[in-house]
Structure formats: structure tokens, C-alpha cells
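*Asks:* File protein-v5.cif follows (mmCIF, C-alpha atoms):
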data_target
#
loop_
_atom_site.group_PDB
_atom_site.id
_atom_site.type_symbol
_atom_site.label_atom_id
_atom_site.label_comp_id
_atom_site.auth_asym_id
_atom_site.auth_seq_id
_atom_site.Cartn_x
_atom_site.Cartn_y
_atom_site.Cartn_z
ATOM 1 C CA MET O 60 31.768 32.642 72.221
ATOM 2 C CA SER O 61 35.151 30.950 72.000
ATOM 3 C CA LEU O 62 37.374 31.593 68.986
ATOM 4 C CA ASN O 63 38.783 28.533 67.247
ATOM 5 C CA VAL O 64 42.536 28.865 66.692
ATOM 6 C CA LEU O 65 44.271 26.388 64.380
ATOM 7 C CA LEU O 66 48.042 26.029 64.684
ATOM 8 C CA SER O 67 49.844 24.431 61.778
ATOM 9 C CA SER O 68 53.580 25.058 61.763
ATOM 10 C CA LEU O 69 56.838 23.566 62.973
ATOM 11 C CA GLU O 70 56.453 25.533 66.203
ATOM 12 C CA GLY O 71 52.785 24.692 66.837
ATOM 13 C CA GLU O 72 53.221 21.761 69.171
ATOM 14 C CA ALA O 73 56.140 23.418 70.938
ATOM 15 C CA PHE O 74 54.256 26.441 72.172
ATOM 16 C CA PHE O 75 50.690 25.114 72.436
ATOM 17 C CA HIS O 76 50.886 25.251 76.247
ATOM 18 C CA LEU O 77 52.038 28.873 76.230
ATOM 19 C CA LEU O 78 48.607 29.958 74.978
ATOM 20 C CA ASN O 79 46.772 28.354 77.891
ATOM 21 C CA ASP O 80 46.481 31.646 79.763
ATOM 22 C CA VAL O 81 44.735 33.400 76.863
ATOM 23 C CA PRO O 82 40.992 33.354 77.625
ATOM 24 C CA GLY O 83 38.242 32.862 75.085
ATOM 25 C CA ILE O 84 40.084 30.619 72.612
ATOM 26 C CA THR O 85 40.046 26.936 71.718
ATOM 27 C CA VAL O 86 43.380 25.831 70.270
ATOM 28 C CA THR O 87 43.894 22.915 67.891
ATOM 29 C CA THR O 88 47.217 21.828 66.427
ATOM 30 C CA CYS O 89 47.511 19.818 63.237
ATOM 31 C CA LYS O 90 49.818 18.742 60.458
ATOM 32 C CA ARG O 91 49.483 20.454 57.084
ATOM 33 C CA ASN O 92 47.669 17.521 55.511
ATOM 34 C CA GLU O 93 45.083 17.728 58.293
ATOM 35 C CA ILE O 94 44.204 21.411 57.726
ATOM 36 C CA PRO O 95 41.114 20.627 55.558
ATOM 37 C CA LEU O 96 39.621 18.652 58.450
ATOM 38 C CA HIS O 97 39.679 21.671 60.769
ATOM 39 C CA ALA O 98 39.487 24.633 58.366
ATOM 40 C CA PRO O 99 35.647 24.953 58.231
ATOM 41 C CA GLU O 100 35.495 25.764 61.968
ATOM 42 C CA THR O 101 38.633 27.920 62.116
ATOM 43 C CA ASP O 102 38.456 31.616 63.045
ATOM 44 C CA ILE O 103 42.206 32.238 63.387
ATOM 45 C CA PHE O 104 44.978 30.370 61.593
ATOM 46 C CA TYR O 105 48.632 30.298 62.662
ATOM 47 C CA GLY O 106 50.977 29.121 59.940
ATOM 48 C CA ALA O 107 51.667 29.527 56.230
ATOM 49 C CA PRO O 108 48.329 29.069 54.447
ATOM 50 C CA SER O 109 47.869 26.754 51.501
ATOM 51 C CA ALA O 110 46.318 28.018 48.268
ATOM 52 C CA GLU O 111 42.963 26.426 49.038
ATOM 53 C CA LEU O 112 42.620 27.571 52.667
ATOM 54 C CA ILE O 113 40.493 30.664 51.994
ATOM 55 C CA GLY O 114 37.953 28.627 50.035
ATOM 56 C CA ILE O 115 37.490 25.969 52.730
ATOM 57 C CA ALA O 116 37.512 28.225 55.810
ATOM 58 C CA PRO O 117 34.386 30.407 55.647
ATOM 59 C CA ARG O 118 34.811 31.633 59.252
ATOM 60 C CA LEU O 119 38.470 32.622 58.852
ATOM 61 C CA LYS O 120 39.138 36.210 59.913
ATOM 62 C CA TRP O 121 42.871 36.435 60.568
ATOM 63 C CA ILE O 122 46.083 34.605 59.656
ATOM 64 C CA GLN O 123 49.165 34.981 61.844
ATOM 65 C CA ALA O 124 52.259 34.041 59.844
ATOM 66 C CA PRO O 125 54.993 32.364 61.930
ATOM 67 C CA SER O 126 57.720 34.370 60.168
ATOM 68 C CA ALA O 127 58.549 37.906 59.086
ATOM 69 C CA GLY O 128 58.550 36.878 55.415
ATOM 70 C CA VAL O 129 55.133 36.259 53.844
ATOM 71 C CA GLU O 130 56.138 35.454 50.266
ATOM 72 C CA PHE O 131 53.416 32.791 50.259
ATOM 73 C CA VAL O 132 50.865 35.528 49.437
ATOM 74 C CA ALA O 133 51.953 35.268 45.806
ATOM 75 C CA ARG O 134 50.703 31.662 45.816
ATOM 76 C CA VAL O 135 47.416 32.466 47.562
ATOM 77 C CA PRO O 136 45.619 35.056 45.390
ATOM 78 C CA ASP O 137 42.319 34.440 47.189
ATOM 79 C CA LEU O 138 43.952 35.695 50.397
ATOM 80 C CA VAL O 139 45.007 38.967 48.770
ATOM 81 C CA ALA O 140 41.480 39.542 47.474
ATOM 82 C CA SER O 141 39.788 38.602 50.768
ATOM 83 C CA ASP O 142 39.019 40.555 53.936
ATOM 84 C CA VAL O 143 41.154 38.155 55.985
ATOM 85 C CA ILE O 144 43.762 40.044 58.009
ATOM 86 C CA LEU O 145 47.375 38.887 57.645
ATOM 87 C CA THR O 146 50.005 39.611 60.290
ATOM 88 C CA ASN O 147 53.620 38.516 60.603
ATOM 89 C CA THR O 148 56.215 38.268 63.377
ATOM 90 C CA ARG O 149 58.247 41.303 62.327
ATOM 91 C CA GLY O 150 60.753 42.237 65.028
ATOM 92 C CA ALA O 151 61.054 38.787 66.586
ATOM 93 C CA HIS O 152 63.949 37.675 64.378
ATOM 94 C CA GLY O 153 66.129 40.803 64.442
ATOM 95 C CA PRO O 154 68.527 39.823 67.265
ATOM 96 C CA SER O 155 69.231 36.278 66.073
ATOM 97 C CA ILE O 156 69.584 37.251 62.411
ATOM 98 C CA GLY O 157 71.771 40.202 63.369
ATOM 99 C CA GLU O 158 74.076 37.914 65.327
ATOM 100 C CA HIS O 159 74.139 35.320 62.547
ATOM 101 C CA THR O 160 75.076 38.002 60.023
ATOM 102 C CA LEU O 161 78.044 39.094 62.109
ATOM 103 C CA ALA O 162 78.998 35.457 62.743
ATOM 104 C CA LEU O 163 79.203 34.832 58.983
ATOM 105 C CA LEU O 164 81.135 38.043 58.411
ATOM 106 C CA LEU O 165 83.648 37.445 61.211
ATOM 107 C CA ALA O 166 84.120 33.836 60.135
ATOM 108 C CA MET O 167 85.173 35.107 56.719
ATOM 109 C CA THR O 168 87.340 38.037 57.809
ATOM 110 C CA ARG O 169 89.101 35.990 60.512
ATOM 111 C CA HIS O 170 89.571 32.867 58.339
ATOM 112 C CA ILE O 171 87.634 30.553 60.658
ATOM 113 C CA PRO O 172 86.686 27.977 57.951
ATOM 114 C CA GLU O 173 90.315 27.757 56.749
ATOM 115 C CA SER O 174 91.544 27.366 60.330
ATOM 116 C CA MET O 175 89.029 24.602 60.976
ATOM 117 C CA GLU O 176 90.190 22.820 57.828
ATOM 118 C CA GLN O 177 93.773 23.035 59.102
ATOM 119 C CA GLN O 178 92.616 21.628 62.428
ATOM 120 C CA ARG O 179 90.901 18.744 60.641
ATOM 121 C CA ARG O 180 94.137 17.967 58.768
ATOM 122 C CA LYS O 181 96.351 18.593 61.844
ATOM 123 C CA HIS O 182 98.253 21.169 59.815
ATOM 124 C CA TRP O 183 99.564 24.485 61.232
ATOM 125 C CA GLU O 184 100.112 27.254 58.681
ATOM 126 C CA ARG O 185 99.844 30.931 59.669
ATOM 127 C CA GLY O 186 101.375 32.653 56.631
ATOM 128 C CA THR O 187 98.609 33.618 54.207
ATOM 129 C CA LEU O 188 95.892 33.579 56.862
ATOM 130 C CA TYR O 189 97.890 35.911 59.086
ATOM 131 C CA ARG O 190 98.646 38.351 56.265
ATOM 132 C CA THR O 191 95.089 38.516 54.902
ATOM 133 C CA ALA O 192 92.966 38.547 58.076
ATOM 134 C CA ARG O 193 90.815 41.681 58.239
ATOM 135 C CA GLU O 194 89.106 43.840 60.849
ATOM 136 C CA ILE O 195 85.494 44.868 60.319
ATOM 137 C CA ASN O 196 85.976 48.047 62.344
ATOM 138 C CA GLY O 197 85.645 50.926 59.868
ATOM 139 C CA LEU O 198 84.314 48.813 57.006
ATOM 140 C CA THR O 199 81.148 50.002 55.260
ATOM 141 C CA MET O 200 78.143 47.697 55.418
ATOM 142 C CA GLY O 201 75.455 48.197 52.772
ATOM 143 C CA ILE O 202 72.097 46.775 53.809
ATOM 144 C CA VAL O 203 69.508 45.810 51.190
ATOM 145 C CA GLY O 204 66.158 46.172 52.963
ATOM 146 C CA PHE O 205 65.985 48.321 56.083
ATOM 147 C CA GLY O 206 62.988 46.875 57.883
ATOM 148 C CA ALA O 207 63.108 45.130 61.247
ATOM 149 C CA LEU O 208 65.749 42.638 60.062
ATOM 150 C CA GLY O 209 67.932 45.348 58.566
ATOM 151 C CA LYS O 210 67.722 47.417 61.723
ATOM 152 C CA GLY O 211 68.634 44.426 63.877
ATOM 153 C CA ILE O 212 71.702 43.867 61.720
ATOM 154 C CA ALA O 213 72.587 47.573 61.707
ATOM 155 C CA THR O 214 72.396 47.781 65.512
ATOM 156 C CA ARG O 215 75.035 45.096 65.869
ATOM 157 C CA ALA O 216 77.198 46.366 63.007
ATOM 158 C CA ARG O 217 77.198 49.842 64.562
ATOM 159 C CA ALA O 218 78.370 48.323 67.848
ATOM 160 C CA MET O 219 81.332 46.908 65.904
ATOM 161 C CA GLU O 220 82.100 50.449 64.672
ATOM 162 C CA MET O 221 81.137 49.793 61.075
ATOM 163 C CA GLU O 222 79.858 52.498 58.720
ATOM 164 C CA LEU O 223 76.332 51.938 57.425
ATOM 165 C CA LEU O 224 74.472 52.464 54.158
ATOM 166 C CA ALA O 225 71.049 51.117 53.252
ATOM 167 C CA VAL O 226 68.469 50.985 50.485
ATOM 168 C CA ASP O 227 64.783 50.291 51.002
ATOM 169 C CA ALA O 228 61.579 50.322 48.977
ATOM 170 C CA GLN O 229 60.068 52.814 51.411
ATOM 171 C CA ALA O 230 61.337 56.264 52.326
ATOM 172 C CA ILE O 231 62.652 56.237 55.901
ATOM 173 C CA ALA O 232 63.459 59.541 57.604
ATOM 174 C CA GLY O 233 64.965 60.244 60.997
ATOM 175 C CA GLU O 234 66.529 56.799 61.425
ATOM 176 C CA PRO O 235 69.028 57.033 64.318
ATOM 177 C CA LEU O 236 71.134 54.076 63.196
ATOM 178 C CA ILE O 237 72.003 55.527 59.819
ATOM 179 C CA ASP O 238 72.337 58.934 58.236
ATOM 180 C CA GLU O 239 70.148 58.234 55.233
ATOM 181 C CA VAL O 240 68.223 55.333 53.717
ATOM 182 C CA TRP O 241 68.404 55.508 49.934
ATOM 183 C CA PRO O 242 65.726 54.424 47.454
ATOM 184 C CA VAL O 243 66.263 51.157 45.598
ATOM 185 C CA SER O 244 67.117 53.182 42.488
ATOM 186 C CA ARG O 245 70.486 53.844 44.158
ATOM 187 C CA LEU O 246 71.195 50.149 44.834
ATOM 188 C CA GLU O 247 74.042 49.922 42.336
ATOM 189 C CA GLU O 248 75.691 52.982 43.867
ATOM 190 C CA MET O 249 75.436 51.501 47.348
ATOM 191 C CA LEU O 250 76.892 48.196 46.179
ATOM 192 C CA SER O 251 79.901 49.962 44.696
ATOM 193 C CA LEU O 252 80.599 51.729 48.012
ATOM 194 C CA SER O 253 80.142 48.794 50.396
ATOM 195 C CA ASP O 254 82.778 46.481 51.846
ATOM 196 C CA VAL O 255 80.021 44.174 53.086
ATOM 197 C CA VAL O 256 76.635 43.753 51.373
ATOM 198 C CA VAL O 257 73.836 42.218 53.441
ATOM 199 C CA VAL O 258 70.518 41.145 51.925
ATOM 200 C CA SER O 259 67.737 41.476 54.512
ATOM 201 C CA ALA O 260 64.798 42.416 52.275
ATOM 202 C CA PRO O 261 61.580 40.389 52.016
ATOM 203 C CA LEU O 262 60.980 38.320 48.896
ATOM 204 C CA THR O 263 58.337 40.121 46.830
ATOM 205 C CA PRO O 264 57.744 40.540 43.094
ATOM 206 C CA GLY O 265 59.793 43.724 43.354
ATOM 207 C CA THR O 266 62.803 42.081 45.038
ATOM 208 C CA THR O 267 62.892 38.808 43.071
ATOM 209 C CA ASN O 268 66.316 38.610 41.398
ATOM 210 C CA LEU O 269 67.005 42.166 42.592
ATOM 211 C CA LEU O 270 70.702 41.360 42.862
ATOM 212 C CA ASN O 271 71.063 39.998 39.348
ATOM 213 C CA ALA O 272 74.327 39.373 37.538
ATOM 214 C CA ASP O 273 74.782 43.066 36.722
ATOM 215 C CA MET O 274 74.298 44.051 40.361
ATOM 216 C CA ILE O 275 76.671 41.333 41.558
ATOM 217 C CA ARG O 276 79.296 42.749 39.199
ATOM 218 C CA ALA O 277 78.772 46.194 40.791
ATOM 219 C CA ILE O 278 79.964 44.899 44.177
ATOM 220 C CA LYS O 279 83.571 45.764 45.067
ATOM 221 C CA LYS O 280 86.094 43.031 44.294
ATOM 222 C CA ASP O 281 87.294 42.776 47.916
ATOM 223 C CA ALA O 282 83.775 42.855 49.409
ATOM 224 C CA TYR O 283 81.699 40.198 51.135
ATOM 225 C CA LEU O 284 78.093 39.257 50.352
ATOM 226 C CA ILE O 285 75.763 37.920 53.052
ATOM 227 C CA VAL O 286 72.191 36.726 52.401
ATOM 228 C CA VAL O 287 69.960 36.164 55.440
ATOM 229 C CA SER O 288 66.348 37.037 54.568
ATOM 230 C CA ARG O 289 64.990 34.961 51.693
ATOM 231 C CA GLY O 290 66.323 33.077 48.703
ATOM 232 C CA GLY O 291 65.315 34.267 45.263
ATOM 233 C CA ILE O 292 66.556 37.836 45.747
ATOM 234 C CA VAL O 293 70.118 37.063 44.675
ATOM 235 C CA ASP O 294 71.215 35.386 41.432
ATOM 236 C CA GLU O 295 73.009 32.389 42.941
ATOM 237 C CA ASP O 296 74.827 31.419 39.737
ATOM 238 C CA ALA O 297 76.167 34.984 39.462
ATOM 239 C CA VAL O 298 77.442 34.736 43.040
ATOM 240 C CA VAL O 299 79.260 31.478 42.269
ATOM 241 C CA ASP O 300 80.727 33.009 39.097
ATOM 242 C CA ALA O 301 81.995 35.990 41.113
ATOM 243 C CA LEU O 302 83.547 33.744 43.765
ATOM 244 C CA GLU O 303 85.202 31.493 41.187
ATOM 245 C CA SER O 304 86.665 34.456 39.305
ATOM 246 C CA GLY O 305 87.863 36.239 42.445
ATOM 247 C CA ALA O 306 85.380 39.094 42.006
ATOM 248 C CA LEU O 307 84.093 38.604 45.574
ATOM 249 C CA ALA O 308 86.202 38.164 48.701
ATOM 250 C CA GLY O 309 83.646 35.785 50.148
ATOM 251 C CA ALA O 310 79.977 35.056 50.700
ATOM 252 C CA GLY O 311 77.793 33.809 53.529
ATOM 253 C CA ILE O 312 74.424 32.405 52.465
ATOM 254 C CA ASP O 313 71.757 31.234 54.903
ATOM 255 C CA VAL O 314 68.768 31.159 52.528
ATOM 256 C CA THR O 315 68.525 29.845 48.982
ATOM 257 C CA ALA O 316 65.993 29.923 46.154
ATOM 258 C CA GLN O 317 65.334 26.208 46.597
ATOM 259 C CA GLU O 318 65.270 24.680 50.066
ATOM 260 C CA PRO O 319 66.524 22.151 50.907
ATOM 261 C CA LEU O 320 69.418 23.032 48.620
ATOM 262 C CA PRO O 321 69.649 20.282 45.974
ATOM 263 C CA PRO O 322 72.898 18.294 45.643
ATOM 264 C CA GLU O 323 73.466 19.606 42.116
ATOM 265 C CA SER O 324 73.560 23.255 43.234
ATOM 266 C CA ARG O 325 76.819 25.027 42.389
ATOM 267 C CA LEU O 326 76.745 26.697 45.813
ATOM 268 C CA TRP O 327 77.987 23.545 47.551
ATOM 269 C CA ASP O 328 81.414 23.666 45.906
ATOM 270 C CA ALA O 329 81.906 27.418 45.508
ATOM 271 C CA PRO O 330 85.173 28.749 46.963
ATOM 272 C CA ARG O 331 85.137 31.076 49.980
ATOM 273 C CA LEU O 332 81.437 30.440 50.573
ATOM 274 C CA ILE O 333 79.878 29.605 53.940
ATOM 275 C CA LEU O 334 76.480 27.913 53.726
ATOM 276 C CA THR O 335 74.147 27.592 56.696
ATOM 277 C CA PRO O 336 70.784 25.777 56.349
ATOM 278 C CA HIS O 337 68.320 28.631 57.060
ATOM 279 C CA LEU O 338 69.498 28.987 60.662
ATOM 280 C CA ALA O 339 69.816 32.759 60.983
ATOM 281 C CA GLY O 340 66.449 33.215 62.688
ATOM 282 C CA ALA O 341 66.818 30.269 65.054
ATOM 283 C CA SER O 342 66.955 30.735 68.830
ATOM 284 C CA ALA O 343 64.854 29.971 71.893
ATOM 285 C CA PRO O 344 64.437 33.692 72.727
ATOM 286 C CA LYS O 345 63.123 34.271 69.195
ATOM 287 C CA GLU O 346 60.479 31.597 69.714
ATOM 288 C CA ARG O 347 59.375 33.330 72.904
ATOM 289 C CA ARG O 348 59.144 36.665 71.090
ATOM 290 C CA VAL O 349 57.015 35.036 68.376
ATOM 291 C CA VAL O 350 54.654 33.647 71.014
ATOM 292 C CA GLU O 351 54.381 37.033 72.724
ATOM 293 C CA ILE O 352 53.474 38.739 69.446
ATOM 294 C CA PHE O 353 50.785 36.129 68.769
ATOM 295 C CA LYS O 354 49.414 36.327 72.319
ATOM 296 C CA GLU O 355 49.283 40.108 72.219
ATOM 297 C CA ASN O 356 47.478 39.974 68.891
ATOM 298 C CA LEU O 357 44.989 37.415 70.200
ATOM 299 C CA ILE O 358 44.054 39.777 73.014
ATOM 300 C CA ARG O 359 43.865 42.741 70.641
ATOM 301 C CA PHE O 360 41.687 40.764 68.234
ATOM 302 C CA GLN O 361 39.254 39.829 70.987
ATOM 303 C CA ASN O 362 39.077 43.461 72.134
ATOM 304 C CA GLY O 363 38.625 44.836 68.633
ATOM 305 C CA ASP O 364 41.934 46.723 68.784
ATOM 306 C CA PRO O 365 44.370 47.150 65.839
ATOM 307 C CA LEU O 366 46.712 44.171 65.454
ATOM 308 C CA LEU O 367 50.494 44.334 65.496
ATOM 309 C CA ASN O 368 52.458 43.779 62.274
ATOM 310 C CA VAL O 369 49.585 43.911 59.803
ATOM 311 C CA VAL O 370 50.864 43.036 56.317
ATOM 312 C CA ASP O 371 49.897 44.932 53.178
ATOM 313 C CA LYS O 372 48.855 41.856 51.216
ATOM 314 C CA SER O 373 49.107 43.627 47.869
ATOM 315 C CA LYS O 374 52.784 44.476 48.535
ATOM 316 C CA GLY O 375 53.773 41.315 50.358
ATOM 317 C CA TYR O 376 55.247 43.036 53.422
#
Could you quickly redo this structure as C-alpha cells?
*Replies:*
Amino acid sequence: MSLNVLLSSLEGEAFFHLLNDVPGITVTTCKRNEIPLHAPETDIFYGAPSAELIGIAPRLKWIQAPSAGVEFVARVPDLVASDVILTNTRGAHGPSIGEHTLALLLAMTRHIPESMEQQRRKHWERGTLYRTAREINGLTMGIVGFGALGKGIATRARAMEMELLAVDAQAIAGEPLIDEVWPVSRLEEMLSLSDVVVVSAPLTPGTTNLLNADMIRAIKKDAYLIVVSRGGIVDEDAVVDALESGALAGAGIDVTAQEPLPPESRLWDAPRLILTPHLAGASAPKERRVVEIFKENLIRFQNGDPLLNVVDKSKGY
């Protein structure tokens, strides 16, 4: 009996043909407003589920999220209570997000935005830029969240000869990239020791507003803050306050609490801030890795084998 697979995501149409060699499935792609039309016959759903999906899809057995973050579980309580398996694409985004993190950091330490502004104005001025440019070699990077994203970032930071600290909600022993991963209770201590703070944790009830105003104030005055996992973990107003007062050397933000970022957000005009529109995970190789995870899980599901990247729905990761 063929399994009905419903794809509803930005990537659905793009990789529909890549599933053609998986036997025993019938694939349908649809827009989000068309999900109710197909849900009753769906066995496997690829995408971010709506709140009503569980109630209108009696055959649904497994949801494959198209991302590593699955913060949508907080909006779908019926999913948490159900027997439906939830998996994510953990591991697919590590290389691209790691590179994006270093791109933001190097842009700030090497004064790339200021140089581009000079280029725009046809103005050549080395003085201050030359005197204040920094190397990242030897700087300490503190990583908030040491899952697959954090490890991808750490791999590339280590290659640049940076020192590494990390905090995570789970105890991690024997990690070759780093001497010790601290519990979140030591977050403030890590912030005070880091020259670069990178937020790579998932958005869960436990990480919402984790870097509040008090934690932002704990960051060293000459440090950089980079946010690449999910908005809502960092108090954005506190970040702007710190940048405006000179309490942060700079910030690179790829994800925000509200997306698209509204015109009235203070982030747009904050000094020494680089904004990118949720691009850190974007790359063609990442899309291929996502497809391979889904294909492997489809085969495992058909064979009754354990799936990759099963999410603990009660924890949200």
C-alpha cells in the first residue's frame, strides 16, 4: 500500500522530483491554504503544521519539519499530545550557518560595512578603521546552545584559532571541539568571559528571552553579539540600548522575534548592527542535505526502523 506524502513548504515544489526514486509513496505538493483538502488522506506531512492539522488528518503518522527549529509545537498542543512522530532536519544547516556566523563576525572586526559606506560615498579614510580593526585569532567565542548548529559554528571558529566556551540545556561530555559545555545556570559567567557571543539555541519556553536585559549587560563592553538560530531568545530592545550606549562593540542579527522585521523596529537604525533577513541557513548544499535526511527517513519509516532526528515534542527540540 502506497503512503501518501503531503509537501507544504517553500522547498516543496523545488525538490518534488528528488523523491521520485523512493518507492512506495505518492507525493502531493500544496500551498498552506490547500492543506485541508489533502489532510484526510495524508500519512506523512512535510512542513510546519497548522494548529488544526492533527484534527483533520486521521491517518497522519509522522511530520518531517523542514528546519532544525520546531518552535511551532507550542502552537500545536494536539501534536504534543498525539502519537504522531515529529522529526527535524538537524545537522543540515550547520555548515551554512557556521559560515554565516563567521561572515558577520569578520564583517564587524574588519570594518566591511564602514568600508562599503566609504565606497558608496567615494571617500577614502583609513585612520580610525585602520587603528580599530581586530583579529579574531585568539578571541573567545561563547556559544549559547551547543547542538548541531553550535557545533557547526564551533568547527569553523576553531579553524580560525578561536577559544571556545558553550552553555547548553543538556549535559554534554567528551566533546572534542570544546573542553567543557557548561549548564545554562552558568550563562552569565560565560557571557562575561566571551569576546564573541553567538546564539544558536532553539526557541523553546526555556530559551524565550533567555538573553534578557540583565544578560545583555553581562556581556563584555568590547564584545560582539551574533544571533543566528531563532528570534525571541534575545531582548532586541536591550541589544539596541547596548549598541547606542557603546556597551557592545557590534551585533550581527539574522533572525528576529517578528519576521519580516517591521519598519518601526529599532533594529533598523541601531549603530554597528548588521541585519540579514534570515539567510544564515540558505544554500543549495543545505537543501540537498535536507532532502537526503527526508529520503533516508522515508525508507526507515517504510522498513519500521527508528527515524533520524526525532524531536522530543514536550521539550521542543
*Asks:* Rounded to one decimal in Å, what is the spacing between CA of Ile122 (chain O) and CA of Pro99 (chain O)?
*Replies:* 14.3 Å
*Asks:* Determine, counting all atoms listed in the file, which protein, DNA and RNA residues have an atom within 10 Å of an atom of Asn368 (chain O); residues of the same chain fewer than 4 positions away are not included. Present the result as an MDAnalysis selection string.
*Replies:* chainID O and resid 123 127 145:150 352 356 376
*Asks:* Using only C-alpha atoms, please write the residues we just selected to a file, as an mmCIF file, in the coordinates of the input.
*Replies:*
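The result, stored in result_4.cif:
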data_model
loop_
_atom_site.group_PDB
_atom_site.id
_atom_site.type_symbol
_atom_site.label_atom_id
_atom_site.label_comp_id
_atom_site.auth_asym_id
_atom_site.auth_seq_id
_atom_site.Cartn_x
_atom_site.Cartn_y
_atom_site.Cartn_z
ATOM 1 C CA GLN O 123 49.165 34.981 61.844
ATOM 2 C CA ALA O 127 58.549 37.906 59.086
ATOM 3 C CA LEU O 145 47.375 38.887 57.645
ATOM 4 C CA THR O 146 50.005 39.611 60.290
ATOM 5 C CA ASN O 147 53.620 38.516 60.603
ATOM 6 C CA THR O 148 56.215 38.268 63.377
ATOM 7 C CA ARG O 149 58.247 41.303 62.327
ATOM 8 C CA GLY O 150 60.753 42.237 65.028
ATOM 9 C CA ILE O 352 53.474 38.739 69.446
ATOM 10 C CA ASN O 356 47.478 39.974 68.891
ATOM 11 C CA TYR O 376 55.247 43.036 53.422
#
*Asks:* Restricting the calculation to all atoms listed in the file: of O:Leu302, O:Val286, O:Met249, O:Leu332, which residue gets closest to Val314 (chain O)?
*Replies:*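 Once distances to Val314 (chain O) are computed over all atoms listed in the file, the minimum belongs to O:Val286.
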*Asks:* Please write the residues picked by the PyMOL selection byres ((chain O and resi 106-117) around 8) on this file as a PyMOL selection string.
*Replies:* chain O and resi 66-68+95+98-101+104-105+118-119+122-125+129+131+134-138
*Asks:* Using only C-alpha atoms, which residues sit within 12 Å of Glu318 (chain O) once same-chain residues fewer than 3 positions away are excluded, as a ChimeraX atom specification?
*Replies:* /O:289-291,313-315,321-322,324,335-337
*Asks:* Hey, what comes out of the PyMOL selection byres ((chain O and resi 207) around 8) on this file? Could you write it as a PyMOL selection string?
*Replies:* chain O and resi 149-150+153+205-206+208-211
*Asks:* Place a sphere of radius 9 Å on (80.1, 34.6, 58.2) in the file coordinates and name every protein, DNA or RNA residue with an atom inside or on its surface, counting all atoms listed in the file; give the answer as a list in words.
*Replies:*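 Residues satisfying the cut-off, written out: His159, Thr160, Leu161, Ala162, Leu163, Leu164, Leu165, Ala166, Met167, Thr168, Ile171, Ile285, Gly309, Ala310, Gly311, Ile312, Leu332, Ile333 and Leu334 of chain O.
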*Asks:* Write out as a PDB file with C-alpha atoms, in the frame of the given file the residues lying within 9 Å of region 216-227 of chain O, counting all atoms listed in the file and excluding same-chain residues fewer than 5 positions away.
*Replies:*
ATOM      1  CA  GLY O 157      71.771  40.202  63.369  1.00  0.00           C
ATOM      2  CA  LEU O 161      78.044  39.094  62.109  1.00  0.00           C
ATOM      3  CA  ILE O 195      85.494  44.868  60.319  1.00  0.00           C
ATOM      4  CA  ASN O 196      85.976  48.047  62.344  1.00  0.00           C
ATOM      5  CA  GLY O 197      85.645  50.926  59.868  1.00  0.00           C
ATOM      6  CA  LEU O 198      84.314  48.813  57.006  1.00  0.00           C
ATOM      7  CA  THR O 199      81.148  50.002  55.260  1.00  0.00           C
ATOM      8  CA  MET O 200      78.143  47.697  55.418  1.00  0.00           C
ATOM      9  CA  GLY O 201      75.455  48.197  52.772  1.00  0.00           C
ATOM     10  CA  ILE O 202      72.097  46.775  53.809  1.00  0.00           C
ATOM     11  CA  VAL O 203      69.508  45.810  51.190  1.00  0.00           C
ATOM     12  CA  GLY O 204      66.158  46.172  52.963  1.00  0.00           C
ATOM     13  CA  PHE O 205      65.985  48.321  56.083  1.00  0.00           C
ATOM     14  CA  GLY O 206      62.988  46.875  57.883  1.00  0.00           C
ATOM     15  CA  GLY O 209      67.932  45.348  58.566  1.00  0.00           C
ATOM     16  CA  GLY O 211      68.634  44.426  63.877  1.00  0.00           C
ATOM     17  CA  LEU O 236      71.134  54.076  63.196  1.00  0.00           C
ATOM     18  CA  ILE O 237      72.003  55.527  59.819  1.00  0.00           C
ATOM     19  CA  ASP O 238      72.337  58.934  58.236  1.00  0.00           C
ATOM     20  CA  GLU O 239      70.148  58.234  55.233  1.00  0.00           C
ATOM     21  CA  VAL O 240      68.223  55.333  53.717  1.00  0.00           C
ATOM     22  CA  TRP O 241      68.404  55.508  49.934  1.00  0.00           C
ATOM     23  CA  PRO O 242      65.726  54.424  47.454  1.00  0.00           C
ATOM     24  CA  VAL O 243      66.263  51.157  45.598  1.00  0.00           C
ATOM     25  CA  SER O 244      67.117  53.182  42.488  1.00  0.00           C
ATOM     26  CA  ARG O 245      70.486  53.844  44.158  1.00  0.00           C
ATOM     27  CA  LEU O 246      71.195  50.149  44.834  1.00  0.00           C
ATOM     28  CA  MET O 249      75.436  51.501  47.348  1.00  0.00           C
ATOM     29  CA  LEU O 252      80.599  51.729  48.012  1.00  0.00           C
ATOM     30  CA  SER O 253      80.142  48.794  50.396  1.00  0.00           C
ATOM     31  CA  ALA O 260      64.798  42.416  52.275  1.00  0.00           C
TER      32      ALA O 260
END
*Asks:* Please write the residues picked by the PyMOL selection byres ((chain O and resi 188) around 9) on this file as a list in words.
*Replies:*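 That expression, the PyMOL selection byres ((chain O and resi 188) around 9), corresponds here to Arg169, His170, Glu173, Ser174, Glu184, Arg185, Gly186, Thr187, Tyr189, Arg190, Thr191 and Ala192 of chain O.
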*Asks:* Please produce an output containing C-alpha atoms for each residue in the selection, written as a JSON list (two decimals), in the coordinates of the input.
*Replies:*
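The result, stored in selection_5.json:
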[["chain", "number", "residue", "atom", "x", "y", "z"],
["O", 169, "ARG", "CA", 89.10, 35.99, 60.51],
["O", 170, "HIS", "CA", 89.57, 32.87, 58.34],
["O", 173, "GLU", "CA", 90.32, 27.76, 56.75],
["O", 174, "SER", "CA", 91.54, 27.37, 60.33],
["O", 184, "GLU", "CA", 100.11, 27.25, 58.68],
["O", 185, "ARG", "CA", 99.84, 30.93, 59.67],
["O", 186, "GLY", "CA", 101.38, 32.65, 56.63],
["O", 187, "THR", "CA", 98.61, 33.62, 54.21],
["O", 189, "TYR", "CA", 97.89, 35.91, 59.09],
["O", 190, "ARG", "CA", 98.65, 38.35, 56.26],
["O", 191, "THR", "CA", 95.09, 38.52, 54.90],
["O", 192, "ALA", "CA", 92.97, 38.55, 58.08]]
*Asks:* Could you pull the residues within 9 Å of Ser61 (chain O), counting all atoms listed in the file, minus those fewer than 2 positions along the same chain, as a PyMOL selection string?
*Replies:* chain O and resi 63+82-85
*Asks:* Between CA of Ala282 (chain O) and CA of Val256 (chain O), what distance in Å does the model show, to one decimal?
*Replies:* 7.5 Å
